[in-house]
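**Q** This is the structure, below, for whatever I ask next.
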Amino acid sequence: MLKERVQQAIAEALGSTEFTLLYPRDKAFGDFAINIHQLKKLALNEQALVEKLSLLDIFEKVELVQGFVNMRVAYTEYLAELNAALRGGTQPAAPNPHAQRINLEFGQPNTHKLPHIGHLFSYAYGESMARLLAWDGHTVFRSNYQGDVGLHVAKCLYIFMQRKDDAKNLSTLEDKVRFLQTCYQDGSAAYDENSNAKTAIDAINKAIYNRDDTIHAVWEETRSWSVAYYKKFEERIGTTYDRYFFESETSDLGTKLVQEHIDSVFTESDGAVVFKGEQFGLHTRVFLTTHGTPTYEAKDIGLIALKKQEWPFDTAVITTASEQNAYWQVVKKAIELIFPELQGKIMHIGFGMIDLKGSKMSSRTGNIVSAIDLIEIVKKKCARELVKKWQPRGCRNNSHWGRKICLFKNLKQKKNMIFDLEQSISVQGNSGPYLQYTYARLRSVLAKAQYEPSALQNSTTSETLSSEDYAILRMLPTFSDVAHQAAVAYSPHLLCTYVYDLAQACNLLYDKQSILKAPQAQRELRLALLEAASRTIKTSLNLLGIDVLERI
């Protein structure tokens, strides 16, 4: 990898590894930079330092600018990187010396409800991170944890029991799950507004935990609808799991662990069992209710015990919406007190919340757009808009569009976001269709040229390159570093930004420079750049959980 070779060359020249190699934001300043203050301890003045680095063959130019040593890599080095990319593709150059066994939990939809677009983000984020971590050399165990017991189920079944005859007329799995969503909404309203309903729902909740014969068969049947529905949904978006965990299997174990640690970790308080987090700079949370039922907190204790027992891990990563950040600070501390060997091995990642433009979602009130509905809406919008724009260029109405666009739109955000349908299908900006079209465009040019990758010779020089050529040439070697940083930081949006910038650079070359009719040396270089760039775009999108379309 170019960055490692540059670091090694500098370290050997200076006799020191105590520096951080930076990427200048403005490429006019060079390819790499070092803050001069990091090199003050070396027995060289600034000018002597620049002169020493200038002697290295790996650099074309070294200069001191505003406290930074800026370095431009030699064209021959970039040409070597391009040839290596044509030979070896886009896999990591070396095994990861810090590889871990990582249990990655994502998805986490509750049964007896519809998946909304917030779940779509969780699926998209988790799928991308699973692929990025595996690419980076880690062994990843994919976990999904679904809430199939709890108050939300009791609210649903309270209404369901009153409308059982209506359920008999439901024929499709989707109709059944939508019916459960309606029952949940009405049950939530009843719980908030009617004290008798609240008492009845609390009793149903306890009966579900106790596997009471009065409710267990109905619970099992309706649960099976949701589980089957989610399996089909996951198949549709291209996500798989190694293990599905359910709250119904963690509740007893979580209850047992909490009870075993009363006084040492937990405290009895007014008939409930709580964790007093104030001594750790946190807050108090209930783990067992006054009814004796476990809360989400206790069930998460049971879940981590199951995870460590079934697949010992170096790190357990739990992804949720950021509104659960404070919750997880408390649960994580309780876990570490119960299982001291897990100290520092539990990581919670809270991602931003998602709403549709013009509205705020709530599954309790019914103000939601289900994830599957959203994919269908986007797909139909594509059929009307994108196919109309690209029909003269041979575009097809492809059923993958809705899923691909939704996934990219979700992944390029890091914080709270509003899902804007018009922006998500735009072919002019940072969107899934733009990247898909760029990839197909590059492959079309290469097919027309009947290009066969081969090693490039030094038949061109840096002086004969256009700025568009150089932009792509300099971006390609940074892919591995960007993908690695995205994995380390659990931030797929870093790769989203990179692949968008690369696509822009490719389109700029296509629009401003001749490719197929260029002089032979430039033609071969540009075709090689497009070949390597298209491979990198394809790999980047694949790591984001998005398969490319060879033709659109």
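Naming works like this for the structure tokens: A, B, ... for the chains as they're shown, residue 1 at the start of each chain, ligands 1 onward in shown order.
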List the spatial neighbours of segment 231-243 of chain A as a ChimeraX atom specification - criterion: any atom at most 7 Å away, only C-alpha atoms, same-chain residues fewer than 6 positions off excluded.
**A** /A:127,141-144,403
**Q** Store the residues of this selection in a file with C-alpha atoms, as a tab-separated table (two decimals), in the first residue's frame.
**A**
chain	number	residue	atom	x	y	z
A	127	GLU	CA	-24.64	-5.33	6.66
A	141	PHE	CA	-20.50	-13.29	13.75
A	142	ARG	CA	-23.75	-11.71	12.60
A	143	SER	CA	-26.40	-11.50	15.33
A	144	ASN	CA	-30.00	-10.34	15.20
A	403	ARG	CA	-33.27	-1.53	-2.37
**Q** Which residues come within 6 Å of Phe106 of chain A, counting only C-alpha atoms, excluding same-chain residues fewer than 2 positions away, as a PDB file with N, CA and C atoms, in the first residue's frame?
**A**
ATOM      1  N   GLN A 108     -32.519  -6.024  14.629  1.00  0.00           N
ATOM      2  CA  GLN A 108     -33.284  -5.942  15.888  1.00  0.00           C
ATOM      3  C   GLN A 108     -34.735  -5.471  15.760  1.00  0.00           C
ATOM      4  N   SER A 122     -30.731   0.274  10.229  1.00  0.00           N
ATOM      5  CA  SER A 122     -29.995  -0.671  11.055  1.00  0.00           C
ATOM      6  C   SER A 122     -29.512  -1.855  10.229  1.00  0.00           C
ATOM      7  N   GLY A 126     -25.581  -2.365   9.538  1.00  0.00           N
ATOM      8  CA  GLY A 126     -24.983  -3.603  10.026  1.00  0.00           C
ATOM      9  C   GLY A 126     -24.405  -4.449   8.910  1.00  0.00           C
ATOM     10  N   ASN A 144     -28.776 -11.132  15.208  1.00  0.00           N
ATOM     11  CA  ASN A 144     -30.003 -10.339  15.198  1.00  0.00           C
ATOM     12  C   ASN A 144     -30.743 -10.645  16.495  1.00  0.00           C
ATOM     13  N   THR A 319     -25.485  -2.305  17.853  1.00  0.00           N
ATOM     14  CA  THR A 319     -25.860  -1.085  17.132  1.00  0.00           C
ATOM     15  C   THR A 319     -27.328  -0.782  17.390  1.00  0.00           C
TER      16      THR A 319
END
**Q** Residues near Arg5 of chain A, anyone? I mean within 12 Å using only C-alpha atoms, not counting same-chain ones fewer than 3 positions away, as a list in words.
**A**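 The residues that qualify are Met1, Leu2, Gln8, Ala9, Ile10, Ala11, Glu12, Leu21, Phe32, Leu56, Asp57, Ile58, Phe59, Val73, Glu77, Tyr78, Glu81, Ala93 and Pro477 of chain A.
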**Q** Filtering to N, CA and C atoms, could you give me those residues as an mmCIF file, in the first residue's frame?
**A**
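After the write, part02.cif holds the following:
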data_model
loop_
_atom_site.group_PDB
_atom_site.id
_atom_site.type_symbol
_atom_site.label_atom_id
_atom_site.label_comp_id
_atom_site.auth_asym_id
_atom_site.auth_seq_id
_atom_site.Cartn_x
_atom_site.Cartn_y
_atom_site.Cartn_z
ATOM 1 N N MET A 1 0.842 -1.182 0.000
ATOM 2 C CA MET A 1 0.000 0.000 0.000
ATOM 3 C C MET A 1 0.887 1.245 0.000
ATOM 4 N N LEU A 2 0.535 2.228 -0.805
ATOM 5 C CA LEU A 2 1.381 3.407 -0.993
ATOM 6 C C LEU A 2 1.660 4.122 0.324
ATOM 7 N N GLN A 8 7.383 4.164 5.524
ATOM 8 C CA GLN A 8 8.640 3.449 5.712
ATOM 9 C C GLN A 8 9.823 4.248 5.167
ATOM 10 N N ALA A 9 9.632 4.852 4.000
ATOM 11 C CA ALA A 9 10.713 5.637 3.395
ATOM 12 C C ALA A 9 11.079 6.824 4.277
ATOM 13 N N ILE A 10 10.087 7.513 4.823
ATOM 14 C CA ILE A 10 10.350 8.667 5.693
ATOM 15 C C ILE A 10 11.027 8.217 6.979
ATOM 16 N N ALA A 11 10.530 7.129 7.558
ATOM 17 C CA ALA A 11 11.103 6.633 8.812
ATOM 18 C C ALA A 11 12.568 6.251 8.641
ATOM 19 N N GLU A 12 12.900 5.603 7.525
ATOM 20 C CA GLU A 12 14.284 5.211 7.284
ATOM 21 C C GLU A 12 15.175 6.436 7.060
ATOM 22 N N LEU A 21 1.307 10.610 9.363
ATOM 23 C CA LEU A 21 1.185 10.966 7.953
ATOM 24 C C LEU A 21 -0.252 11.427 7.685
ATOM 25 N N PHE A 32 0.791 13.841 0.623
ATOM 26 C CA PHE A 32 0.930 13.547 2.051
ATOM 27 C C PHE A 32 1.559 14.756 2.738
ATOM 28 N N LEU A 56 14.643 11.408 -1.517
ATOM 29 C CA LEU A 56 13.989 10.106 -1.657
ATOM 30 C C LEU A 56 13.343 9.978 -3.029
ATOM 31 N N ASP A 57 13.581 8.838 -3.681
ATOM 32 C CA ASP A 57 13.033 8.616 -5.019
ATOM 33 C C ASP A 57 11.509 8.566 -5.030
ATOM 34 N N ILE A 58 10.932 8.267 -3.892
ATOM 35 C CA ILE A 58 9.476 8.102 -3.845
ATOM 36 C C ILE A 58 8.746 9.434 -4.014
ATOM 37 N N PHE A 59 9.462 10.553 -3.806
ATOM 38 C CA PHE A 59 8.832 11.873 -3.893
ATOM 39 C C PHE A 59 9.275 12.623 -5.144
ATOM 40 N N VAL A 73 3.999 12.618 -4.305
ATOM 41 C CA VAL A 73 4.568 11.321 -4.687
ATOM 42 C C VAL A 73 4.935 11.328 -6.171
ATOM 43 N N GLU A 77 5.701 6.126 -9.022
ATOM 44 C CA GLU A 77 5.120 5.386 -7.896
ATOM 45 C C GLU A 77 3.625 5.165 -8.119
ATOM 46 N N TYR A 78 2.970 6.201 -8.609
ATOM 47 C CA TYR A 78 1.538 6.053 -8.890
ATOM 48 C C TYR A 78 1.299 5.065 -10.031
ATOM 49 N N GLU A 81 1.482 1.717 -8.571
ATOM 50 C CA GLU A 81 0.261 1.424 -7.832
ATOM 51 C C GLU A 81 -0.875 1.034 -8.782
ATOM 52 N N ALA A 93 -3.713 -5.333 1.336
ATOM 53 C CA ALA A 93 -2.379 -5.737 0.902
ATOM 54 C C ALA A 93 -1.769 -6.787 1.823
ATOM 55 N N PRO A 477 -4.980 4.770 -5.006
ATOM 56 C CA PRO A 477 -4.220 4.094 -3.937
ATOM 57 C C PRO A 477 -4.766 4.339 -2.537
#
**Q** Just list as an NGL selection string whatever in segment 162-388 of chain A DSSP marks as strand (DSSP E or B).
**A** :A and (243-246 or 262 or 266-269 or 272-275 or 285-288 or 294 or 315-321 or 346-351 or 354-356 or 362 or 367 or 370)
**Q** Those selected residues, please, written with N, CA and C atoms and delivered as a CSV table (one decimal), in the first residue's frame.
**A**
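What ended up in selection.csv:
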chain,number,residue,atom,x,y,z
A,243,ARG,N,-26.9,-16.1,13.7
A,243,ARG,CA,-27.8,-16.5,14.8
A,243,ARG,C,-28.9,-15.4,15.0
A,244,TYR,N,-30.1,-15.9,15.2
A,244,TYR,CA,-31.2,-15.1,15.6
A,244,TYR,C,-31.4,-15.3,17.1
A,245,PHE,N,-31.3,-14.3,17.9
A,245,PHE,CA,-31.6,-14.3,19.3
A,245,PHE,C,-33.0,-13.7,19.6
A,246,PHE,N,-33.7,-14.2,20.6
A,246,PHE,CA,-35.0,-13.6,20.9
A,246,PHE,C,-35.1,-13.3,22.4
A,262,ILE,N,-28.2,-9.5,43.3
A,262,ILE,CA,-28.8,-8.5,44.2
A,262,ILE,C,-27.8,-8.2,45.4
A,266,PHE,N,-27.0,-5.1,42.0
A,266,PHE,CA,-28.3,-4.5,42.0
A,266,PHE,C,-28.9,-4.3,43.4
A,267,THR,N,-29.9,-3.5,43.4
A,267,THR,CA,-30.6,-3.2,44.7
A,267,THR,C,-32.1,-3.3,44.6
A,268,GLU,N,-32.7,-3.8,45.6
A,268,GLU,CA,-34.2,-3.9,45.7
A,268,GLU,C,-34.7,-2.5,46.1
A,269,SER,N,-35.7,-2.1,45.3
A,269,SER,CA,-36.3,-0.7,45.6
A,269,SER,C,-37.8,-0.7,45.3
A,272,ALA,N,-39.2,-3.4,43.2
A,272,ALA,CA,-38.4,-3.7,41.9
A,272,ALA,C,-37.0,-3.9,42.2
A,273,VAL,N,-36.2,-4.3,41.2
A,273,VAL,CA,-34.8,-4.4,41.3
A,273,VAL,C,-34.1,-3.5,40.3
A,274,VAL,N,-33.2,-2.6,40.9
A,274,VAL,CA,-32.7,-1.5,40.1
A,274,VAL,C,-31.1,-1.6,40.1
A,275,PHE,N,-30.5,-0.9,39.2
A,275,PHE,CA,-29.1,-0.7,39.2
A,275,PHE,C,-28.9,0.8,39.4
A,285,ARG,N,-31.6,2.6,36.7
A,285,ARG,CA,-32.5,2.0,35.8
A,285,ARG,C,-33.1,0.7,36.4
A,286,VAL,N,-34.3,0.4,36.1
A,286,VAL,CA,-35.0,-0.8,36.6
A,286,VAL,C,-34.6,-2.0,35.7
A,287,PHE,N,-34.3,-3.1,36.4
A,287,PHE,CA,-33.9,-4.4,35.7
A,287,PHE,C,-35.0,-5.4,35.9
A,288,LEU,N,-35.7,-5.4,37.1
A,288,LEU,CA,-36.8,-6.3,37.3
A,288,LEU,C,-38.0,-5.4,37.8
A,294,PRO,N,-38.7,-9.2,33.7
A,294,PRO,CA,-37.5,-8.5,33.4
A,294,PRO,C,-37.7,-7.4,32.4
A,315,THR,N,-14.7,-8.8,20.9
A,315,THR,CA,-15.6,-7.6,21.0
A,315,THR,C,-17.0,-7.9,20.6
A,316,ALA,N,-17.9,-7.4,21.4
A,316,ALA,CA,-19.3,-7.5,21.1
A,316,ALA,C,-19.8,-6.1,20.8
A,317,VAL,N,-20.3,-6.0,19.5
A,317,VAL,CA,-20.8,-4.7,19.1
A,317,VAL,C,-22.3,-4.7,19.0
A,318,ILE,N,-22.9,-3.7,19.6
A,318,ILE,CA,-24.4,-3.6,19.6
A,318,ILE,C,-24.7,-2.3,18.9
A,319,THR,N,-25.5,-2.3,17.9
A,319,THR,CA,-25.9,-1.1,17.1
A,319,THR,C,-27.3,-0.8,17.4
A,320,THR,N,-27.6,0.5,17.8
A,320,THR,CA,-29.0,0.9,18.0
A,320,THR,C,-29.1,2.4,17.6
A,321,ALA,N,-30.3,2.9,17.6
A,321,ALA,CA,-30.5,4.3,17.4
A,321,ALA,C,-29.8,5.0,18.6
A,346,ILE,N,-17.2,-4.7,25.3
A,346,ILE,CA,-18.6,-4.4,24.9
A,346,ILE,C,-18.6,-3.0,24.3
A,347,MET,N,-19.0,-2.9,23.0
A,347,MET,CA,-19.1,-1.6,22.3
A,347,MET,C,-20.5,-1.3,21.8
A,348,HIS,N,-21.0,-0.2,22.2
A,348,HIS,CA,-22.3,0.2,21.7
A,348,HIS,C,-22.1,1.4,20.7
A,349,ILE,N,-22.8,1.3,19.6
A,349,ILE,CA,-22.8,2.3,18.5
A,349,ILE,C,-24.2,2.8,18.3
A,350,GLY,N,-24.3,4.1,18.6
A,350,GLY,CA,-25.7,4.7,18.5
A,350,GLY,C,-25.7,5.6,17.2
A,351,PHE,N,-26.5,5.2,16.2
A,351,PHE,CA,-26.5,5.9,15.0
A,351,PHE,C,-27.7,6.9,15.0
A,354,ILE,N,-33.9,8.5,11.9
A,354,ILE,CA,-34.4,8.7,10.5
A,354,ILE,C,-35.9,9.0,10.5
A,355,ASP,N,-36.2,10.1,9.8
A,355,ASP,CA,-37.6,10.4,9.6
A,355,ASP,C,-37.8,10.7,8.1
A,356,LEU,N,-39.1,10.6,7.7
A,356,LEU,CA,-39.4,11.0,6.3
A,356,LEU,C,-39.5,12.5,6.3
A,362,SER,N,-43.7,7.2,14.2
A,362,SER,CA,-44.0,6.5,15.5
A,362,SER,C,-44.8,5.3,15.2
A,367,ASN,N,-47.9,6.3,12.6
A,367,ASN,CA,-47.3,7.3,11.7
A,367,ASN,C,-46.0,6.8,11.2
A,370,SER,N,-43.5,1.6,6.3
A,370,SER,CA,-42.7,0.4,6.5
A,370,SER,C,-41.6,0.4,5.6
**Q** Give me the residues near Leu544 of chain A as a list in words, where near means some atom within 10 Å (using only C-alpha atoms) and where sequence neighbours in that chain fewer than 2 positions away do not count.
**A** Ala124, Tyr125, Gly126, Glu127, Ser128, Met129, Ala130, Arg131, Leu132, Lys404, Leu407, Phe408, Leu411, Lys412, Pro492, His493, Leu495, Cys496, Lys538, Thr539, Ser540, Leu541, Asn542, Ile546 and Asp547 of chain A
**Q** Would you mind reading off the distance between atom CA of Glu550 of chain A and atom CA of Gln522 of chain A, one decimal, in Å?
**A** 25.2 Å
**Q** I'd like to know which of A:Ala85, A:Glu278, A:Tyr23, A:Phe179 is closest to Phe68 of chain A, using only C-alpha atoms.
**A**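 Ranked by minimum distance to Phe68 of chain A, first place goes to A:Tyr23.
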**Q** Smallest atom-to-atom distance to Val482 of chain A: which of A:Ile215, A:Ala447, A:Leu543, A:Leu157, using only C-alpha atoms?
**A**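 Closest to Val482 of chain A of all the choices is A:Leu543.
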**Q** Among segment 128-262 of chain A, which ones does DSSP place in helix (DSSP H, G or I), written as a VMD selection string?
**A** chain A and resid 128 to 135 151 to 162 164 to 167 173 to 193 195 to 209 216 to 237 247 to 260
**Q** List the spatial neighbours of Ile301 of chain A as a PyMOL selection string - criterion: any atom at most 9 Å away, only C-alpha atoms, same-chain residues fewer than 5 positions off excluded.
**A** chain A and resi 250-251+253-255+257-258+296+306+331-332+334-335+338
**Q** Between atom CA of Ile34 of chain A and atom CA of Met71 of chain A, what is the distance in Å, rounded to a tenth?
**A**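 We find that atom CA of Ile34 of chain A and atom CA of Met71 of chain A lie 8.6 Å from each other.
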**Q** So which one's closest to Gln181 of chain A, A:Thr536, A:Asn205, A:Thr222, A:Gln485? Using only C-alpha atoms, please.
**A** A:Thr222
**Q** Quick one: of A:Leu120, A:Ala455, A:Ala228, A:Met475, who's nearest to Glu174 of chain A, counting only C-alpha atoms?
**A** A:Ala228
**Q** Counting only C-alpha atoms, what is within 12 Å of Ala13 of chain A, bar same-chain residues fewer than 4 positions away, as a list in words?
**A**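 My reading of the contact set: Val6, Gln7, Gln8, Ala9, Thr17, Leu42, Leu44, Ala48, Leu49, Val50, Glu51, Lys52, Leu53, Ser54, Leu55, Leu56, Asp57 and Ile58 of chain A.
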**Q** Using N, CA and C atoms, can you write the selected residues to a file as a PDB file, in the first residue's frame?
**A**
ATOM      1  N   VAL A   6       5.363   5.005   1.846  1.00  0.00           N
ATOM      2  CA  VAL A   6       5.787   6.387   2.130  1.00  0.00           C
ATOM      3  C   VAL A   6       6.224   6.507   3.585  1.00  0.00           C
ATOM      4  N   GLN A   7       5.449   5.925   4.501  1.00  0.00           N
ATOM      5  CA  GLN A   7       5.815   5.974   5.921  1.00  0.00           C
ATOM      6  C   GLN A   7       7.172   5.318   6.163  1.00  0.00           C
ATOM      7  N   GLN A   8       7.383   4.164   5.524  1.00  0.00           N
ATOM      8  CA  GLN A   8       8.640   3.449   5.712  1.00  0.00           C
ATOM      9  C   GLN A   8       9.823   4.248   5.167  1.00  0.00           C
ATOM     10  N   ALA A   9       9.632   4.852   4.000  1.00  0.00           N
ATOM     11  CA  ALA A   9      10.713   5.637   3.395  1.00  0.00           C
ATOM     12  C   ALA A   9      11.079   6.824   4.277  1.00  0.00           C
ATOM     13  N   THR A  17      10.066   7.046  13.821  1.00  0.00           N
ATOM     14  CA  THR A  17       8.685   6.693  13.424  1.00  0.00           C
ATOM     15  C   THR A  17       7.667   7.558  14.160  1.00  0.00           C
ATOM     16  N   LEU A  42      14.026  16.047  16.175  1.00  0.00           N
ATOM     17  CA  LEU A  42      15.114  15.579  15.328  1.00  0.00           C
ATOM     18  C   LEU A  42      16.199  16.666  15.221  1.00  0.00           C
ATOM     19  N   LEU A  44      17.705  18.277  13.113  1.00  0.00           N
ATOM     20  CA  LEU A  44      17.761  18.856  11.778  1.00  0.00           C
ATOM     21  C   LEU A  44      16.957  20.146  11.775  1.00  0.00           C
ATOM     22  N   ALA A  48      16.939  21.623   6.246  1.00  0.00           N
ATOM     23  CA  ALA A  48      17.699  20.386   6.098  1.00  0.00           C
ATOM     24  C   ALA A  48      16.765  19.182   6.054  1.00  0.00           C
ATOM     25  N   LEU A  49      15.687  19.268   6.817  1.00  0.00           N
ATOM     26  CA  LEU A  49      14.690  18.195   6.834  1.00  0.00           C
ATOM     27  C   LEU A  49      14.035  18.050   5.461  1.00  0.00           C
ATOM     28  N   VAL A  50      13.654  19.178   4.889  1.00  0.00           N
ATOM     29  CA  VAL A  50      13.037  19.157   3.561  1.00  0.00           C
ATOM     30  C   VAL A  50      14.008  18.609   2.524  1.00  0.00           C
ATOM     31  N   GLU A  51      15.280  19.043   2.611  1.00  0.00           N
ATOM     32  CA  GLU A  51      16.278  18.583   1.646  1.00  0.00           C
ATOM     33  C   GLU A  51      16.525  17.088   1.766  1.00  0.00           C
ATOM     34  N   LYS A  52      16.484  16.565   2.983  1.00  0.00           N
ATOM     35  CA  LYS A  52      16.723  15.138   3.183  1.00  0.00           C
ATOM     36  C   LYS A  52      15.586  14.317   2.580  1.00  0.00           C
ATOM     37  N   LEU A  53      14.350  14.767   2.778  1.00  0.00           N
ATOM     38  CA  LEU A  53      13.211  14.049   2.218  1.00  0.00           C
ATOM     39  C   LEU A  53      13.164  14.190   0.698  1.00  0.00           C
ATOM     40  N   SER A  54      13.662  15.308   0.190  1.00  0.00           N
ATOM     41  CA  SER A  54      13.651  15.538  -1.258  1.00  0.00           C
ATOM     42  C   SER A  54      14.556  14.555  -1.989  1.00  0.00           C
ATOM     43  N   LEU A  55      15.519  13.973  -1.289  1.00  0.00           N
ATOM     44  CA  LEU A  55      16.444  13.023  -1.914  1.00  0.00           C
ATOM     45  C   LEU A  55      15.804  11.658  -2.139  1.00  0.00           C
ATOM     46  N   LEU A  56      14.643  11.408  -1.517  1.00  0.00           N
ATOM     47  CA  LEU A  56      13.989  10.106  -1.657  1.00  0.00           C
ATOM     48  C   LEU A  56      13.343   9.978  -3.029  1.00  0.00           C
ATOM     49  N   ASP A  57      13.581   8.838  -3.681  1.00  0.00           N
ATOM     50  CA  ASP A  57      13.033   8.616  -5.019  1.00  0.00           C
ATOM     51  C   ASP A  57      11.509   8.566  -5.030  1.00  0.00           C
ATOM     52  N   ILE A  58      10.932   8.267  -3.892  1.00  0.00           N
ATOM     53  CA  ILE A  58       9.476   8.102  -3.845  1.00  0.00           C
ATOM     54  C   ILE A  58       8.746   9.434  -4.014  1.00  0.00           C
TER      55      ILE A  58
END
**Q** So how far away is atom CA of Ala207 of chain A from atom CA of Leu170 of chain A, in Å?
**A**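 Atom CA of Leu170 of chain A sits 26.0 Å away from atom CA of Ala207 of chain A.
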**Q** Which residue gives the smallest distance to Glu220 of chain A among A:His112, A:Arg441, A:Lys164, A:Lys307, with only C-alpha atoms counted?
**A**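 Smallest separation from Glu220 of chain A among the options: A:His112.
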